[in-house]
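Colleague: Input structure: coords28.txt, which contains compact mmCIF, C-alpha atoms.
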```txt
# COMPACT_ATOMS: atom_id res chain seq x y z
CA MET A 1 31.49 -54.66 -27.08
CA SER A 2 31.10 -51.22 -25.57
CA ARG A 3 29.86 -47.90 -26.82
CA THR A 4 29.14 -44.46 -25.43
CA VAL A 5 25.94 -42.46 -25.92
CA ASP A 6 26.21 -38.78 -25.11
CA ALA A 7 22.82 -37.38 -24.04
CA ARG A 8 24.20 -34.41 -22.12
CA GLY A 9 22.15 -31.28 -22.61
CA SER A 10 18.92 -33.17 -23.37
CA ARG A 11 15.99 -33.47 -21.00
CA CYS A 12 13.51 -36.23 -20.17
CA PRO A 13 12.41 -38.35 -22.04
CA HIS A 14 15.31 -37.90 -24.51
CA PRO A 15 18.22 -39.50 -22.57
CA VAL A 16 16.20 -42.73 -22.24
CA ILE A 17 15.23 -42.55 -25.92
CA ALA A 18 18.92 -42.21 -26.88
CA LEU A 19 19.71 -45.23 -24.71
CA ALA A 20 16.88 -47.24 -26.29
CA ARG A 21 18.03 -46.35 -29.82
CA ALA A 22 21.51 -47.61 -29.02
CA ALA A 23 20.05 -50.77 -27.46
CA VAL A 24 17.97 -51.64 -30.56
CA ALA A 25 21.10 -52.25 -32.62
CA ALA A 26 23.15 -53.84 -29.84
CA GLU A 27 24.15 -57.48 -29.54
CA PRO A 28 23.46 -59.22 -26.22
CA GLN A 29 26.05 -58.40 -23.55
CA THR A 30 26.90 -55.08 -25.18
CA VAL A 31 27.83 -52.44 -22.62
CA ILE A 32 26.37 -49.00 -23.28
CA GLU A 33 27.72 -46.03 -21.37
CA LEU A 34 25.12 -43.27 -21.26
CA LEU A 35 26.27 -39.75 -20.36
CA ALA A 36 23.43 -37.56 -19.09
CA ASP A 37 23.11 -34.40 -17.02
CA ASP A 38 19.32 -34.40 -16.54
CA PRO A 39 18.68 -35.42 -12.89
CA VAL A 40 15.50 -37.22 -14.02
CA SER A 41 17.84 -39.82 -15.57
CA LEU A 42 18.73 -41.00 -12.05
CA THR A 43 15.16 -42.34 -11.78
CA ASP A 44 14.34 -43.12 -15.37
CA VAL A 45 17.48 -44.99 -16.49
CA PRO A 46 17.08 -47.63 -13.72
CA ALA A 47 13.32 -47.81 -14.52
CA TRP A 48 14.06 -48.32 -18.23
CA CYS A 49 16.59 -51.09 -17.41
CA ARG A 50 13.98 -52.85 -15.25
CA MET A 51 11.24 -52.53 -17.90
CA ARG A 52 13.48 -53.57 -20.79
CA GLY A 53 15.43 -56.39 -19.17
CA ALA A 54 18.78 -54.57 -19.20
CA ARG A 55 21.19 -54.48 -16.27
CA LEU A 56 22.40 -51.25 -14.71
CA GLN A 57 25.94 -52.13 -13.72
CA GLY A 58 26.74 -48.78 -12.19
CA THR A 59 25.99 -45.07 -11.96
CA VAL A 60 29.05 -42.84 -11.74
CA ASP A 61 28.84 -39.21 -10.64
CA GLU A 62 31.22 -37.35 -12.96
CA GLY A 63 30.65 -33.95 -11.36
CA ASP A 64 28.68 -32.15 -14.06
CA HIS A 65 26.95 -35.27 -15.38
CA TRP A 66 26.36 -38.94 -14.66
CA ARG A 67 27.73 -41.99 -16.46
CA PHE A 68 25.29 -44.91 -16.51
CA VAL A 69 26.86 -48.28 -17.33
CA VAL A 70 24.15 -50.43 -18.87
CA VAL A 71 24.50 -54.05 -20.01
CA ILE A 72 22.08 -55.20 -22.72
CA GLU A 73 21.20 -58.74 -21.72
CA ARG A 74 18.87 -60.06 -24.42
CA MET B 1 -17.78 -32.01 -27.13
CA SER B 2 -18.08 -33.76 -23.78
CA ARG B 3 -15.47 -32.96 -21.23
CA PHE B 4 -14.30 -35.44 -18.58
CA VAL B 5 -12.13 -34.59 -15.58
CA LEU B 6 -10.06 -37.65 -14.59
CA ASP B 7 -7.76 -35.85 -12.17
CA CYS B 8 -9.92 -36.26 -9.08
CA ALA B 9 -7.57 -37.89 -6.55
CA VAL B 10 -6.94 -34.60 -4.73
CA SER B 11 -9.87 -32.41 -5.75
CA ARG B 12 -13.10 -32.90 -7.67
CA PRO B 13 -14.96 -30.36 -9.77
CA VAL B 14 -17.52 -28.44 -7.72
CA SER B 15 -21.05 -29.21 -8.91
CA GLY B 16 -23.82 -26.65 -9.50
CA GLN B 17 -25.68 -28.05 -6.49
CA VAL B 18 -22.63 -27.59 -4.25
CA ALA B 19 -22.15 -24.04 -5.57
CA ALA B 20 -25.80 -23.32 -4.66
CA TRP B 21 -25.23 -24.73 -1.13
CA LEU B 22 -22.18 -22.50 -0.79
CA THR B 23 -24.16 -19.43 -1.85
CA SER B 24 -26.82 -20.21 0.72
CA ALA B 25 -24.26 -20.98 3.45
CA VAL B 26 -22.36 -17.73 2.77
CA GLN B 27 -25.59 -15.76 3.19
CA THR B 28 -26.49 -17.55 6.44
CA ALA B 29 -23.05 -17.81 8.00
CA TRP B 30 -21.03 -14.82 6.83
CA ALA B 31 -20.37 -13.62 10.38
CA SER B 32 -17.55 -14.75 12.64
CA PRO B 33 -18.93 -17.52 14.87
CA SER B 34 -17.25 -15.99 17.90
CA ALA B 35 -19.03 -12.60 17.79
CA GLY B 36 -21.86 -11.86 20.21
CA TYR B 37 -24.88 -11.01 18.08
CA HIS B 38 -27.68 -12.89 16.31
CA GLU B 39 -25.97 -13.36 12.90
CA ALA B 40 -22.85 -14.66 14.61
CA LYS B 41 -24.94 -17.18 16.50
CA GLN B 42 -26.33 -18.39 13.18
CA SER B 43 -22.72 -18.96 12.05
CA SER B 44 -21.91 -20.70 15.29
CA LEU B 45 -24.95 -22.96 14.99
CA MET B 46 -24.08 -23.89 11.41
CA LEU B 47 -20.51 -24.67 12.45
CA ASP B 48 -21.73 -26.84 15.35
CA GLN B 49 -23.95 -28.79 12.95
CA SER B 50 -21.03 -29.30 10.54
CA VAL B 51 -18.76 -30.47 13.34
CA ALA B 52 -21.43 -32.91 14.54
CA THR B 53 -21.93 -34.26 11.02
CA MET B 54 -18.20 -34.87 10.47
CA ALA B 55 -17.87 -36.46 13.92
CA GLY B 56 -20.78 -38.76 13.17
CA LEU B 57 -19.33 -39.77 9.78
CA THR B 58 -15.82 -40.50 11.07
CA GLY B 59 -16.39 -41.63 14.65
CA ALA B 60 -14.28 -38.73 15.96
CA ARG B 61 -14.78 -37.30 19.46
CA ASN B 62 -13.88 -33.83 18.30
CA VAL B 63 -13.72 -32.08 14.92
CA ARG B 64 -12.39 -28.71 13.93
CA PHE B 65 -11.82 -27.12 10.55
CA CYS B 66 -8.59 -25.64 9.17
CA PRO B 67 -8.12 -23.66 5.96
CA ASP B 68 -5.65 -26.09 4.39
CA ILE B 69 -3.52 -29.20 4.98
CA PRO B 70 -0.30 -27.35 5.99
CA VAL B 71 -2.16 -25.42 8.71
CA ALA B 72 -3.89 -28.62 9.87
CA VAL B 73 -0.59 -30.53 10.06
CA GLY B 74 1.07 -27.62 11.86
CA GLU B 75 -1.65 -27.45 14.51
CA VAL B 76 -1.76 -31.19 15.12
CA VAL B 77 2.03 -31.48 15.36
CA ALA B 78 2.15 -28.55 17.81
CA GLN B 79 -0.55 -30.20 19.91
CA LYS B 80 0.82 -33.76 19.90
CA ALA B 81 4.59 -33.12 19.86
CA PRO B 82 5.00 -32.87 23.66
CA GLY B 83 4.24 -36.59 23.96
CA ALA B 84 6.68 -37.64 21.23
CA THR B 85 10.44 -38.03 20.82
CA THR B 86 10.40 -37.82 17.01
CA VAL B 87 8.10 -36.48 14.31
CA ALA B 88 7.99 -38.52 11.12
CA THR B 89 6.36 -38.75 7.73
CA SER B 90 7.16 -40.79 4.62
CA VAL B 91 8.93 -40.12 1.34
CA VAL B 92 5.68 -40.63 -0.60
CA ASP B 93 3.54 -38.24 1.41
CA SER B 94 2.59 -35.03 -0.36
CA LEU B 95 5.29 -32.35 -0.41
CA GLN B 96 3.03 -29.97 1.52
CA VAL B 97 2.69 -32.57 4.31
CA GLN B 98 6.46 -33.21 4.33
CA GLN B 99 7.20 -29.49 4.56
CA ALA B 100 4.58 -28.88 7.28
CA VAL B 101 5.90 -31.82 9.32
CA ALA B 102 9.47 -30.50 9.03
CA ARG B 103 8.37 -27.02 10.14
CA GLY B 104 6.27 -28.43 13.01
CA ALA B 105 9.10 -30.62 14.26
CA ALA B 106 11.56 -27.71 14.13
CA ALA B 107 9.12 -25.50 16.06
CA ALA B 108 8.76 -28.20 18.73
CA GLY B 109 12.53 -28.77 18.87
CA LEU B 110 12.14 -32.42 17.89
CA PRO B 111 14.06 -34.48 15.32
CA HIS B 112 12.27 -35.02 12.03
CA ARG B 113 12.45 -38.21 9.98
CA LEU B 114 11.39 -39.01 6.43
CA LEU B 115 10.63 -42.74 6.38
CA ALA B 116 11.43 -45.02 3.44
CA VAL B 117 8.72 -47.03 1.70
CA ASP B 118 8.64 -50.44 0.01
CA ALA B 119 8.40 -50.90 -3.77
CA ALA B 120 4.62 -50.51 -3.58
CA GLY B 121 4.85 -47.21 -1.70
CA ARG B 122 3.78 -48.44 1.74
CA LEU B 123 5.73 -47.62 4.89
CA ASP B 124 8.79 -49.84 5.16
CA ARG B 125 8.56 -52.05 8.29
CA GLU B 126 12.28 -51.80 9.03
CA ALA B 127 12.26 -48.02 8.74
CA LEU B 128 9.28 -47.93 11.08
CA ASP B 129 10.96 -50.25 13.60
CA ALA B 130 14.11 -48.10 13.55
CA LEU B 131 12.13 -44.96 14.46
CA PRO B 132 12.70 -43.73 18.05
CA THR B 133 9.35 -43.98 19.85
CA PRO B 134 6.96 -42.80 21.05
CA ALA B 135 6.76 -40.99 17.74
CA LEU B 136 4.27 -38.74 16.05
CA LEU B 137 3.71 -40.13 12.55
CA VAL B 138 1.89 -38.11 9.90
CA THR B 139 1.17 -40.15 6.78
CA ASN B 140 -1.41 -40.91 4.13
CA LEU B 141 -4.03 -43.65 4.22
CA GLY B 142 -4.17 -43.93 0.44
CA ASN B 143 -1.54 -42.49 -1.87
CA GLN B 144 -2.77 -39.66 -4.07
CA GLU B 145 -0.62 -40.63 -7.06
CA ILE B 146 -0.23 -44.39 -7.13
CA GLY B 147 -3.26 -45.49 -5.10
CA THR B 148 -1.51 -47.76 -2.61
CA VAL B 149 -3.18 -48.25 0.76
CA GLN B 150 -1.07 -47.79 3.89
CA ILE B 151 -0.02 -50.80 6.01
CA ASP B 152 -2.04 -51.42 9.16
CA LEU B 153 -0.36 -49.27 11.81
CA SER B 154 -2.58 -50.29 14.76
CA GLU B 155 -0.14 -52.76 16.35
CA TRP B 156 2.86 -50.43 15.89
CA SER B 157 0.92 -47.50 17.33
CA ARG B 158 -0.31 -49.51 20.35
CA SER B 159 2.97 -51.22 21.20
CA THR B 160 5.12 -48.09 20.91
CA GLY B 161 2.64 -45.59 22.34
CA SER B 162 2.94 -43.58 19.12
CA ALA B 163 0.30 -41.32 17.62
CA VAL B 164 -0.72 -41.67 13.98
CA VAL B 165 -2.11 -38.66 12.13
CA LEU B 166 -3.69 -40.00 8.94
CA ASP B 167 -4.13 -37.82 5.88
CA ALA B 168 -7.17 -39.69 4.57
CA SER B 169 -8.32 -37.11 2.02
CA THR B 170 -7.75 -39.21 -1.10
CA ALA B 171 -8.99 -42.44 0.53
CA PHE B 172 -12.10 -41.05 2.25
CA GLY B 173 -15.16 -43.04 1.23
CA TRP B 174 -13.18 -45.17 -1.24
CA ILE B 175 -12.05 -47.59 1.49
CA ASP B 176 -13.14 -48.18 5.10
CA LEU B 177 -11.38 -46.03 7.67
CA PRO B 178 -9.12 -47.87 10.12
CA ASP B 179 -9.47 -47.08 13.84
CA TYR B 180 -5.88 -46.54 15.00
CA TRP B 181 -5.56 -42.81 14.24
CA SER B 182 -5.26 -40.05 16.79
CA HIS B 183 -6.26 -37.57 14.07
CA LEU B 184 -7.71 -37.78 10.59
CA LEU B 185 -7.09 -34.98 8.11
CA LEU B 186 -9.83 -34.69 5.50
CA ASP B 187 -9.67 -32.06 2.76
CA ALA B 188 -13.20 -31.46 1.49
CA ARG B 189 -11.94 -30.77 -2.03
CA SER B 190 -11.38 -34.52 -2.43
CA TRP B 191 -15.11 -35.27 -2.21
CA GLY B 192 -16.43 -32.23 -4.06
CA GLY B 193 -16.53 -29.64 -1.28
CA VAL B 194 -15.02 -26.20 -1.76
CA PRO B 195 -11.44 -25.11 -0.93
CA GLY B 196 -10.85 -23.79 2.58
CA ALA B 197 -12.15 -26.63 4.76
CA VAL B 198 -9.89 -29.39 6.04
CA ALA B 199 -11.67 -31.35 8.76
CA VAL B 200 -9.29 -32.28 11.57
CA CYS B 201 -10.99 -35.19 13.29
CA ALA B 202 -9.58 -36.16 16.69
CA SER B 203 -10.10 -39.39 18.58
CA GLN B 204 -9.93 -37.47 21.86
CA ASP B 205 -11.50 -34.26 23.10
CA SER B 206 -9.61 -31.07 22.50
CA THR B 207 -10.57 -27.44 22.20
CA ARG B 208 -9.45 -25.06 19.52
CA ARG B 209 -10.39 -21.69 18.14
CA PRO B 210 -13.30 -22.20 15.70
CA THR B 211 -12.77 -21.66 11.98
CA GLU B 212 -13.79 -18.35 10.46
CA ASN B 213 -14.71 -20.04 7.18
CA VAL B 214 -18.03 -21.50 8.29
CA PRO B 215 -19.56 -21.66 4.77
CA ALA B 216 -16.73 -23.91 3.49
CA ALA B 217 -17.03 -26.08 6.62
CA ALA B 218 -20.80 -26.37 6.17
CA VAL B 219 -20.38 -27.38 2.53
CA ALA B 220 -17.69 -29.88 3.57
CA ALA B 221 -20.07 -31.60 5.99
CA VAL B 222 -23.08 -31.68 3.65
CA THR B 223 -21.02 -32.99 0.71
CA ALA B 224 -19.26 -35.55 2.93
CA GLU B 225 -22.62 -36.93 4.01
CA GLN B 226 -23.81 -37.07 0.41
CA TRP B 227 -20.55 -38.67 -0.78
CA LEU B 228 -20.48 -41.39 1.87
CA ALA B 229 -24.05 -42.37 0.97
CA GLN B 230 -22.93 -42.74 -2.64
CA ALA B 231 -19.51 -44.29 -1.91
CA PRO B 232 -20.37 -48.02 -1.63
CA GLY B 233 -21.70 -48.06 -5.21
CA ALA B 234 -18.88 -45.80 -6.41
CA ARG B 235 -16.24 -48.22 -5.12
CA THR B 236 -17.63 -51.09 -7.18
CA THR B 237 -18.04 -48.92 -10.27
CA ALA B 238 -14.53 -47.44 -10.05
CA ARG B 239 -12.93 -50.89 -9.57
CA ARG B 240 -14.70 -52.15 -12.67
CA GLN B 241 -13.79 -49.04 -14.67
CA LEU B 242 -10.11 -48.99 -13.66
CA GLY B 243 -9.87 -52.73 -14.40
CA ALA B 244 -11.24 -52.12 -17.89
CA LEU B 245 -8.95 -49.11 -18.36
CA ARG B 246 -5.87 -51.11 -17.36
CA GLU B 247 -6.86 -53.76 -19.89
CA VAL B 248 -7.35 -51.29 -22.77
CA ILE B 249 -3.93 -49.75 -22.06
CA ALA B 250 -2.10 -53.06 -21.55
CA ASN B 251 -3.56 -54.51 -24.75
CA GLY B 252 -2.97 -51.39 -26.82
CA LEU B 253 0.55 -50.36 -25.85
CA ASP B 254 4.03 -51.71 -25.36
CA GLY B 255 6.45 -50.13 -22.87
CA VAL B 256 3.89 -49.18 -20.22
CA GLU B 257 4.08 -49.36 -16.45
CA MET B 258 0.92 -48.97 -14.37
CA ARG B 259 0.57 -48.52 -10.61
CA GLY B 260 -2.75 -48.64 -8.80
CA GLY B 261 -6.07 -50.21 -9.64
CA THR B 262 -5.31 -53.65 -8.17
CA ALA B 263 -7.48 -55.27 -5.48
CA ASP B 264 -5.10 -54.01 -2.74
CA ASP B 265 -5.21 -50.39 -3.91
CA LEU B 266 -7.67 -47.54 -3.75
CA PRO B 267 -10.39 -48.25 -6.33
CA HIS B 268 -10.07 -44.97 -8.23
CA VAL B 269 -6.36 -44.02 -8.62
CA LEU B 270 -4.09 -45.14 -11.45
CA SER B 271 -0.63 -43.99 -12.52
CA VAL B 272 0.40 -44.77 -16.10
CA SER B 273 3.98 -44.27 -17.30
CA VAL B 274 4.75 -44.72 -20.98
CA LEU B 275 8.22 -45.08 -22.51
CA TYR B 276 9.46 -42.77 -25.27
CA VAL B 277 6.82 -40.06 -25.13
CA ASP B 278 6.81 -36.48 -23.94
CA ALA B 279 4.21 -36.31 -21.15
CA GLU B 280 3.36 -32.70 -21.86
CA ALA B 281 2.54 -33.51 -25.50
CA LEU B 282 0.45 -36.48 -24.40
CA GLN B 283 -1.41 -34.46 -21.79
CA SER B 284 -2.15 -31.63 -24.25
CA ARG B 285 -3.49 -34.00 -26.91
CA LEU B 286 -5.80 -35.68 -24.38
CA ASP B 287 -6.90 -32.29 -23.08
CA ALA B 288 -7.81 -31.24 -26.62
CA LEU B 289 -9.90 -34.42 -26.95
CA GLY B 290 -11.82 -33.52 -23.77
CA TYR B 291 -9.92 -35.49 -21.11
CA ALA B 292 -8.31 -33.68 -18.17
CA VAL B 293 -5.57 -35.81 -16.58
CA GLY B 294 -2.66 -35.02 -14.29
CA SER B 295 1.00 -35.88 -14.83
CA GLY B 296 3.97 -36.65 -12.60
CA SER B 297 6.57 -35.98 -15.29
CA ALA B 298 9.09 -33.19 -14.90
CA CYS B 299 8.31 -31.71 -18.33
CA ALA B 300 4.59 -31.42 -17.49
CA SER B 301 5.05 -29.84 -14.07
CA ARG B 302 5.24 -26.15 -13.36
CA GLU B 303 8.22 -26.70 -11.04
CA GLY B 304 10.09 -28.83 -13.60
CA GLN B 305 10.45 -31.61 -11.04
CA PRO B 306 9.44 -35.23 -11.57
CA SER B 307 7.02 -36.88 -9.14
CA HIS B 308 8.77 -37.56 -5.82
CA VAL B 309 6.36 -40.48 -5.31
CA LEU B 310 7.38 -42.25 -8.53
CA ALA B 311 11.04 -41.54 -7.80
CA ALA B 312 10.68 -43.06 -4.30
CA VAL B 313 9.18 -46.31 -5.60
CA GLY B 314 11.60 -46.59 -8.54
CA GLY B 315 8.91 -45.86 -11.13
CA LEU B 316 9.37 -44.37 -14.59
CA THR B 317 8.71 -40.64 -14.25
CA SER B 318 8.73 -39.73 -17.93
CA GLY B 319 5.57 -40.10 -20.02
CA ASN B 320 3.48 -40.20 -16.85
CA LEU B 321 -0.25 -39.62 -16.50
CA ARG B 322 -2.24 -39.63 -13.26
CA VAL B 323 -5.83 -40.76 -13.22
CA GLY B 324 -8.17 -40.19 -10.29
CA LEU B 325 -11.69 -41.23 -11.26
CA PRO B 326 -14.66 -39.20 -10.07
CA PRO B 327 -17.62 -41.28 -8.84
CA ASP B 328 -20.05 -40.40 -11.59
CA LEU B 329 -18.45 -41.20 -14.95
CA PRO B 330 -20.20 -43.57 -17.33
CA ASP B 331 -18.23 -46.74 -18.19
CA ASP B 332 -17.84 -45.78 -21.84
CA ALA B 333 -16.20 -42.46 -20.90
CA VAL B 334 -13.45 -44.38 -19.08
CA THR B 335 -12.85 -46.91 -21.85
CA GLY B 336 -13.10 -44.04 -24.36
CA PHE B 337 -10.32 -42.32 -22.44
CA GLY B 338 -8.24 -45.52 -22.56
CA GLU B 339 -8.65 -45.74 -26.34
CA ALA B 340 -7.83 -42.05 -26.74
CA LEU B 341 -4.72 -42.55 -24.60
CA VAL B 342 -3.54 -45.44 -26.76
CA ASP B 343 -4.12 -43.40 -29.95
CA CYS B 344 -2.35 -40.35 -28.51
CA VAL B 345 0.68 -42.35 -27.38
CA ARG B 346 0.98 -43.86 -30.87
CA ALA B 347 0.67 -40.40 -32.45
CA VAL B 348 3.25 -38.83 -30.11
CA ARG B 349 5.67 -41.71 -30.65
CA GLU B 350 5.33 -41.33 -34.41
CA GLN B 351 5.87 -37.60 -34.16
CA MET B 352 8.99 -38.19 -32.05
CA GLY B 353 10.18 -41.08 -34.25
CA THR B 354 10.20 -43.49 -31.32
CA GLN B 355 7.46 -45.91 -32.49
CA ASP B 356 9.92 -48.70 -33.31
CA LEU B 357 11.89 -48.64 -30.06
```
Show this structure as structure tokens.
Modeller:
Amino acid sequence: MSRTVDARGSRCPHPVIALARAAVAAEPQTVIELLADDPVSLTDVPAWCRMRGARLQGTVDEGDHWRFVVVIER
Amino acid sequence: MSRFVLDCAVSRPVSGQVAAWLTSAVQTAWASPSAGYHEAKQSSLMLDQSVATMAGLTGARNVRFCPDIPVAVGEVVAQKAPGATTVATSVVDSLQVQQAVARGAAAAGLPHRLLAVDAAGRLDREALDALPTPALLVTNLGNQEIGTVQIDLSEWSRSTGSAVVLDASTAFGWIDLPDYWSHLLLDARSWGGVPGAVAVCASQDSTRRPTENVPAAAVAAVTAEQWLAQAPGARTTARRQLGALREVIANGLDGVEMRGGTADDLPHVLSVSVLYVDAEALQSRLDALGYAVGSGSACASREGQPSHVLAAVGGLTSGNLRVGLPPDLPDDAVTGFGEALVDCVRAVREQMGTQDL
């Protein structure tokens, strides 16, 4: 299972909120790809993963935004 | 409505008594201490007394006063750089210290390093060991945002012949001073003095042009003496109050990360980050209820940048509040703040539709 959440154009705390909304409905092991262009996401997405028991599999610099690959573990 | 300022890690409100001291000091010591007439000698005498007081309180051999931290850092780096191969500071030091260190190193023609920290925000041992020595290290004793206390640098300083310049403003009085520093930087605003007096306390003799701002220096010395007399009791009180505050927040809210307030930290500094809230909305609601608190979130900062300290330690920067307790709050004001914080977070989450996340 994989899905993409597009949070480009929104600022902190909204990218993390969009990620959390997607995670609420997700089955364990779902992969969520979050697209965000707010630099604060570089700090807050890893922090959210740590606080919420998710795994950040990778952060990809796509030029004008970042793609965070998050695995929901619970 | 009562008003409580809980943003006292860097500067405290100036009391009426301190304002009266300043008025008196300005009238006595308005003249430049270096001029050659009677009024100037009064200034000079008042400055000498302030220097002696600060030296007595810190154990320094020599004290001078600078108008602010950047000037103090610049002067110390210029003075100590000839004995060093590198000038360094850490990623969690204040931005004004980082910038002053970079400028000072460039002026001295020396390389400049920004050292990494561990997850708690203390200097990373490996980063320190990789630093070319003898070095000149400018760093904080207690962190102004997350309250962590610096590692003991005495062995490193001795074995490498390096000099440590400690910015001890936030920690002063709240913990015992170590003895390994070559210089201590103490901004009087952090203990209720007035802006314009940073005491630069040196472990060795040195001579410098005296400050022109004698009234601020005099107030710095008098308030420092008063604060240190009060500090032992304040430490115990603040530890108890922050412990209770942590408990109110932890019991009342889900999705919270707190830094500071443990037995290893400064007794009075706490950083609280809350998921799914807008920090600016949270800060405004608390302000309206009579609580002044700082924030390290990008949306609540004038520069639009998140806290570099939280970013360096991997902390959550959104929904962040910074608490720095003053020494004279009643216990129920602190727990009242905790309860107000819990209520405000719930209200903001409901407003944003994030209460069920």
Colleague: Write out as a ChimeraX atom specification every residue belonging to chain A that has an atom at most 8 Å from any atom of chain B, counting all atoms listed in the file.
Modeller: /A:12-14,16-17,20-21,24,40,43-44,46-48,51
Colleague: Got a sec: who's within 10 Å of A:Ala7, counting all atoms listed in the file, leaving out chain neighbours fewer than 5 positions off, as number ranges by chain?
Modeller: A: 14-19, 34-38, 65
Colleague: List the spatial neighbours of A:Gln29 as a list in words - criterion: any atom at most 10 Å away, only C-alpha atoms, same-chain residues fewer than 4 positions off excluded.
Modeller: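 Non-adjacent residues within range: Met1, Ser2, Ala54, Arg55, Val70, Val71, Ile72, Glu73 and Arg74 of chain A.
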Colleague: Would you work out the distance separating atom CA of B:Ala135 from atom CA of B:Asp179, expressed in Å to one decimal?
Modeller: 17.8 Å
Colleague: One number please: atom CA of B:Gly147 to atom CA of B:Ala120, in Å, one decimal.
Modeller: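 Calculated distance between atom CA of B:Gly147 and atom CA of B:Ala120 is 9.5 Å.
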Colleague: Between atom CA of A:Leu56 and atom CA of A:Glu27, what is the distance in Å, rounded to a tenth?
Modeller: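 For atom CA of A:Leu56 relative to atom CA of A:Glu27, the distance reads 16.2 Å.
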Colleague: Within 12 Å of (-22.4, -28.9, 14.2) (file coordinates; only C-alpha atoms), which protein or nucleic acid residues are there? I'd like them as a PyMOL selection string.
Modeller: chain B and resi 33+42-56+62-65+210+214+217-222
Colleague: Go through B:Gly324, B:Gly104, B:Gly121, B:Pro132 and flag the residue nearest B:Ala84, using all atoms listed in the file for the distances.
Modeller: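 Smallest separation from B:Ala84 among the options: B:Pro132.
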Colleague: Name the residues in contact with stretch 262-272 of chain B at a cut-off of 10 Å, using all atoms listed in the file, excluding same-chain residues fewer than 3 positions from it; report them as number ranges by chain.
Modeller: B: 6-9, 120, 141-150, 170-172, 174-175, 234-243, 245-246, 249, 256-259, 294-296, 310, 315-327
Colleague: In terms of the shortest atom-to-atom distance over only C-alpha atoms, which of B:Pro215, B:Ala106, B:Ser11, B:Cys201 is closest to B:Thr28?
Modeller: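 That would be B:Pro215, the residue with the smallest distance to B:Thr28.
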Colleague: For the point (-0.2, -34.4, 12.4) in file coordinates, what residues are within 7 Å, counting all atoms listed in the file? Give the answer as a PyMOL selection string?
Modeller: chain B and resi 73-74+76-77+137-138+165
